[in-house]
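Here the structure comes first, spelled out in structure tokens, and everything after it is commentary.
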Amino acid sequence: MFELQKVEKKFPGVHALKGIDFTIKRGEIVGLVGENGAGKSTLMKVIYGAYQHDGGQVLVDGRAVRFHNPRQAMDMGVGMVFQEQSLIPNLTVMENIFLGFEQQFVHLGVVNWKKMATAARQQLDKVKLSIDPATVTSKLSFAQRQLVELAKVLTLEERVQGDLVILLDEPTSVLAKEEIELLFSLVRDLRKRASFIFVSHRLDEVIELSDRIYVMKDGAVVDVVDGKDADVASIQHKMVGRNISKEYYREEKQKPFDAAKPLLEVDGISLAGRYNDISLKLHAGEVLCLVGVEGSGREAILRTIFGLQKPHLGQVTLKGRRVETFSAAHGVECGVGYVPRERKIEGMVGGMTVYENITLSQMRNYSNAGVLEIARERGLARDWIKKLSIKASSENVDCANLSGGNQQKVVLAKWRSGGSDIILLDHPTRGLDIGAKEDVYDMVRDMCGAGVGIILVADTLEEAIGLSHTIAVIRDGEIRKWYDCPPGGKPSLYDLIHYMT
Amino acid sequence: MSFGRLKRHFPWITLAVLVLIVGTIHPSFLRPQNLIELAGDIVPLFIMALGMTLVIYIGGIDLSAQSVANMTTVLATISLPIFGVFSGVLVILAGLAFGALSGFVTTRLKVPSFIATLAVGGLALSVGQYASSQRALYMDAGERDHAFGWMVGSGWSGVPHELILALVLVVLAWFLQNRTTIGRALKAIGAGEPAAVASGLKVERYKILAFAFSGMLAAIAGLLFSVKLSGGSPTLAEGFLLPAIVAVLVGGTPLTGGVGGVLNTLVGVLIVAVVRASMLYFGVPATSQQIVFGIVLIVAIALTIDRSKIRIVK
């Protein structure tokens, strides 16, 4: 019923989609997987009308169509459930559901709210959500909002004749385990009325839900796998074109840290509403991992150690000297480097070159009486481009034009070249593809080898377990459990989750 | 992409096209003598725009520049008989202080710069009005020439001295922007302030410095203007603010900051000069000129602003 034939999409300098063939039958659930940059989101945008294809054909029921905007795609029955919540928080649920389509409830310029509420309730029933349609959206949980988004797209059923195609973009990323099960059973129920395209990074979920799975790599579909006989390892292999070995987290390179050399001591720090009575020690060569759910206070602890947030109570000692003034400038002076989660906002300055970014935290060392020694800066940048194999045509290119992994390397180069020996990593592999992640893991081990202490807030629990010497499990701003993690003696996922929630 | 690449070259292409148009219709416009005079007349505005550039470069704005220049004309005229050439130093320090005050208010008290500088500008205006008792004051020609004669007029080369002054200032400002840690820090603040903070830069100090430079350059502009007109009044530099902001923006330093810089402003000021001159040639009355600048300003902002940095405009 919905088909793409040899669809092409080119952007300046990027061939984003290369002859994509894609079909979806009535009532089918099709998975779509691929690494970041493989072309998934471009393909989705073509399907729901945000982009126009420049080659090939899009067919609905055998007829060639061309969507000029998402609204036209919706009129043909193609709807998108967005990954980033697209509901407007201060509107009510029913206003959100019928946003842009209120006309049907308007009589003489006045909205008939009762009629809208009835219609909204009917939509909410489809997703088995029993809430008052007049509830303000911001009061809903993430899971409920996700269902409202789905209900919103399902209004297409009444508006459009013919079949529906609904795209689900990472719908499970904000959901808890039970909520995911609920969503999946709902999707299975709804396949009587609609087909689904399910996009997710979580391969096990894709395999569980999908009838067929399209695997994308470098802008092309490399394989279509049947959902029943798919397994995670083989799909991963197709996505990256290589196996992910057991040495993924570089466990074999994990060396014991130097317990005689504490770099950082945190003694009973508290910050109201963020964390409470946190004490920890970081030694040279140690990876200390803070594990916890989103909002458990991990990030605030990192920011305090770096100096961006002053604690209300307790003290921080950097290399034997008690911290009196909390500021990023002071942290940097004491050799603390912070690799923030928001790489593009806090990590590097887009619009500045690689060398300008690398020396930004250490301009004093590359200047004389306030006058920059640019030749030396560029030399330093060239060294680190080589050392970390940063893919940049030269040290003069704008950092904004590098890929995420290379940007992350520039941020690390900034701290390492400046001699920082306490490195705080907040989700250092977020949004990176698998190859770039492995580079980051290598760098973590190399830094440990050089006597650097690292505090890590990992992107996944597996990453936390694989990389760390020590794990602190944090719940509601307090450390609940400590684990030693020597190679071969690491705690299991289950151990950690037990104390996290 | 080609549009994006071209965008960088818009300012000087605009300038060249404007000069060609005016030059074709009125060939007398292109006489060297005329061009030099034109350039000489625009120098006070250029100096003010130079200071404005540093503030816009970090993503702020300085609406006090004109008032500071006004105040300077008054203070310079009053202090000239007492301090001679040192009155120049005094008024420049006063401008620096007012700029630093703006910087302090916007960084430490977290008042947006457009409001902070508007308020400090009000302060400067009042000082000017109070000191002058709201009258136009005049400098003694002898005292003026003795202390500041070197600023104006033209020597053996025929090049007006104020052009040389402008050249020296633009070279200094360029050096500050491109070759010093201060300039690098300002760029980082304009292009990505959170990353600048997280790199350990003392961002607040650099911001105060940018506002202080702006105040200082506004004072230099006021001083030069006052010397040129041989007097001072709290309204002498009226009508400078809008063209100064226009010059920065049409030069290619967007309100969002981080790109562009002092050389862009040089081109921008020349565009303003040509537009202003052509209005004379085409008989646009002086009273309507601000209409033209207002329109150019809006168009320039709309074309240059980096929309990726501002998702929602309120």
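Naming scheme: A, B, ... for chains in displayed order of the structure tokens; residues 1 onward per chain; ligands 1 onward as shown.
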inquiry  = Can you tell me which residues surround A:Ser210 at a distance of at most 6 Å, considering only C-alpha atoms, apart from same-chain residues fewer than 5 positions away, and format the answer as a ChimeraX atom specification?
reply    = /A:29-31,227
Given only C-alpha atoms, how would the per-residue table for chain B near chain A read, listing every residue at most 6 Å away with its closest atom pair and distance in Å to one decimal, sorted by chain and number, as CSV?
```
residue,atom,partner,partner_atom,distance
B:Arg179,CA,A:Leu372,CA,5.4
B:Thr180,CA,A:Val371,CA,4.3
B:Thr181,CA,A:Gly370,CA,5.4
B:Gly192,CA,A:Val349,CA,5.1
B:Pro194,CA,A:Glu346,CA,4.9
B:Ala195,CA,A:Glu346,CA,3.8
B:Ser199,CA,A:Ser361,CA,4.8
B:Gly200,CA,A:Ala329,CA,3.7
B:Leu201,CA,A:Ala329,CA,5.8
```
Output of the above residues as a PDB file, in the first residue's frame, restricted to N, CA and C atoms:
```pdb
ATOM      1  N   ARG B 179      44.347  39.006  17.386  1.00  0.00           N
ATOM      2  CA  ARG B 179      45.659  38.550  17.817  1.00  0.00           C
ATOM      3  C   ARG B 179      45.824  38.469  19.324  1.00  0.00           C
ATOM      4  N   THR B 180      44.791  38.811  20.080  1.00  0.00           N
ATOM      5  CA  THR B 180      44.974  38.799  21.531  1.00  0.00           C
ATOM      6  C   THR B 180      44.013  37.817  22.188  1.00  0.00           C
ATOM      7  N   THR B 181      44.350  37.444  23.412  1.00  0.00           N
ATOM      8  CA  THR B 181      43.484  36.534  24.163  1.00  0.00           C
ATOM      9  C   THR B 181      42.122  37.175  24.403  1.00  0.00           C
ATOM     10  N   GLY B 192      29.574  31.070  21.382  1.00  0.00           N
ATOM     11  CA  GLY B 192      29.068  29.997  22.233  1.00  0.00           C
ATOM     12  C   GLY B 192      29.394  30.247  23.688  1.00  0.00           C
ATOM     13  N   PRO B 194      28.045  29.434  26.664  1.00  0.00           N
ATOM     14  CA  PRO B 194      28.134  28.357  27.656  1.00  0.00           C
ATOM     15  C   PRO B 194      29.442  27.579  27.542  1.00  0.00           C
ATOM     16  N   ALA B 195      29.917  27.372  26.311  1.00  0.00           N
ATOM     17  CA  ALA B 195      31.173  26.644  26.141  1.00  0.00           C
ATOM     18  C   ALA B 195      32.339  27.492  26.628  1.00  0.00           C
ATOM     19  N   SER B 199      34.881  26.418  29.586  1.00  0.00           N
ATOM     20  CA  SER B 199      36.308  26.297  29.307  1.00  0.00           C
ATOM     21  C   SER B 199      37.117  27.068  30.339  1.00  0.00           C
ATOM     22  N   GLY B 200      36.426  27.604  31.328  1.00  0.00           N
ATOM     23  CA  GLY B 200      37.116  28.289  32.401  1.00  0.00           C
ATOM     24  C   GLY B 200      37.434  29.743  32.124  1.00  0.00           C
ATOM     25  N   LEU B 201      36.865  30.333  31.060  1.00  0.00           N
ATOM     26  CA  LEU B 201      37.104  31.751  30.802  1.00  0.00           C
ATOM     27  C   LEU B 201      36.332  32.585  31.829  1.00  0.00           C
TER      28      LEU B 201
END
```
I'd like to know which residues of stretch 103-301 of chain A are strand (DSSP E or B) (by DSSP, run on the backbone); could you write them as a PyMOL selection string? chain A and resi 106-107+110-111+136+164-169+194-199+212-217+220-226+258-271+275-284+287-291
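The coordinates place atom CA of A:Thr118 at 10.2 Å from atom CA of A:Asp132.
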Contacts of A:Leu264 at 9 Å or less, counting only C-alpha atoms, minus same-chain residues fewer than 5 places along, as a ChimeraX atom specification?
/A:280-283,305,316-320,422,453
Practice problem: Using DSSP on the backbone coordinates, identify all residues within stretch 35-265 of chain A classified as helix (DSSP H, G or I); present the result as an MDAnalysis selection string. | Solution: chainID A and resid 40:48 70:75 93:97 102:105 113:126 137:139 142:154 156:159 177:190 203:209 232:240 246:249 251:253
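When only C-alpha atoms are used to measure the gap to B:Leu242, the shortest distance among B:Gly95, B:Gly294, B:Pro27, B:Gly122 belongs to B:Gly294.
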Could you pull the residues within 12 Å of B:Asp145, counting only C-alpha atoms, minus those fewer than 4 positions along the same chain, as a list in words? Leu80, Pro81, Gly84, Val85, Met139, Asp140, Ala141, Gly149, Trp150, Met151, Val152, Gly153, Val227, Lys228 and Ser230 of chain B
What does the file look like for those residues with C-alpha atoms, as a PDB file, in the first residue's frame?
```
ATOM      1  CA  LEU B  80      39.479  72.161  27.770  1.00  0.00           C
ATOM      2  CA  PRO B  81      40.337  75.561  29.252  1.00  0.00           C
ATOM      3  CA  GLY B  84      44.225  71.440  27.940  1.00  0.00           C
ATOM      4  CA  VAL B  85      45.142  68.252  26.136  1.00  0.00           C
ATOM      5  CA  MET B 139      35.584  76.022  22.439  1.00  0.00           C
ATOM      6  CA  ASP B 140      38.137  78.778  22.214  1.00  0.00           C
ATOM      7  CA  ALA B 141      39.717  78.354  18.786  1.00  0.00           C
ATOM      8  CA  GLY B 149      44.582  70.599  16.387  1.00  0.00           C
ATOM      9  CA  TRP B 150      46.438  67.410  15.431  1.00  0.00           C
ATOM     10  CA  MET B 151      43.191  65.531  15.253  1.00  0.00           C
ATOM     11  CA  VAL B 152      41.631  67.484  12.426  1.00  0.00           C
ATOM     12  CA  GLY B 153      42.746  69.308   9.321  1.00  0.00           C
ATOM     13  CA  VAL B 227      36.845  69.261  18.171  1.00  0.00           C
ATOM     14  CA  LYS B 228      35.590  69.264  14.573  1.00  0.00           C
ATOM     15  CA  SER B 230      34.569  73.400  18.030  1.00  0.00           C
TER      16      SER B 230
END
```
- Item | Near-B:Ala210 list (8 Å; only C-alpha atoms; drop same-chain fewer than 5 positions) as a ChimeraX atom specification | /B:54-55,103,186
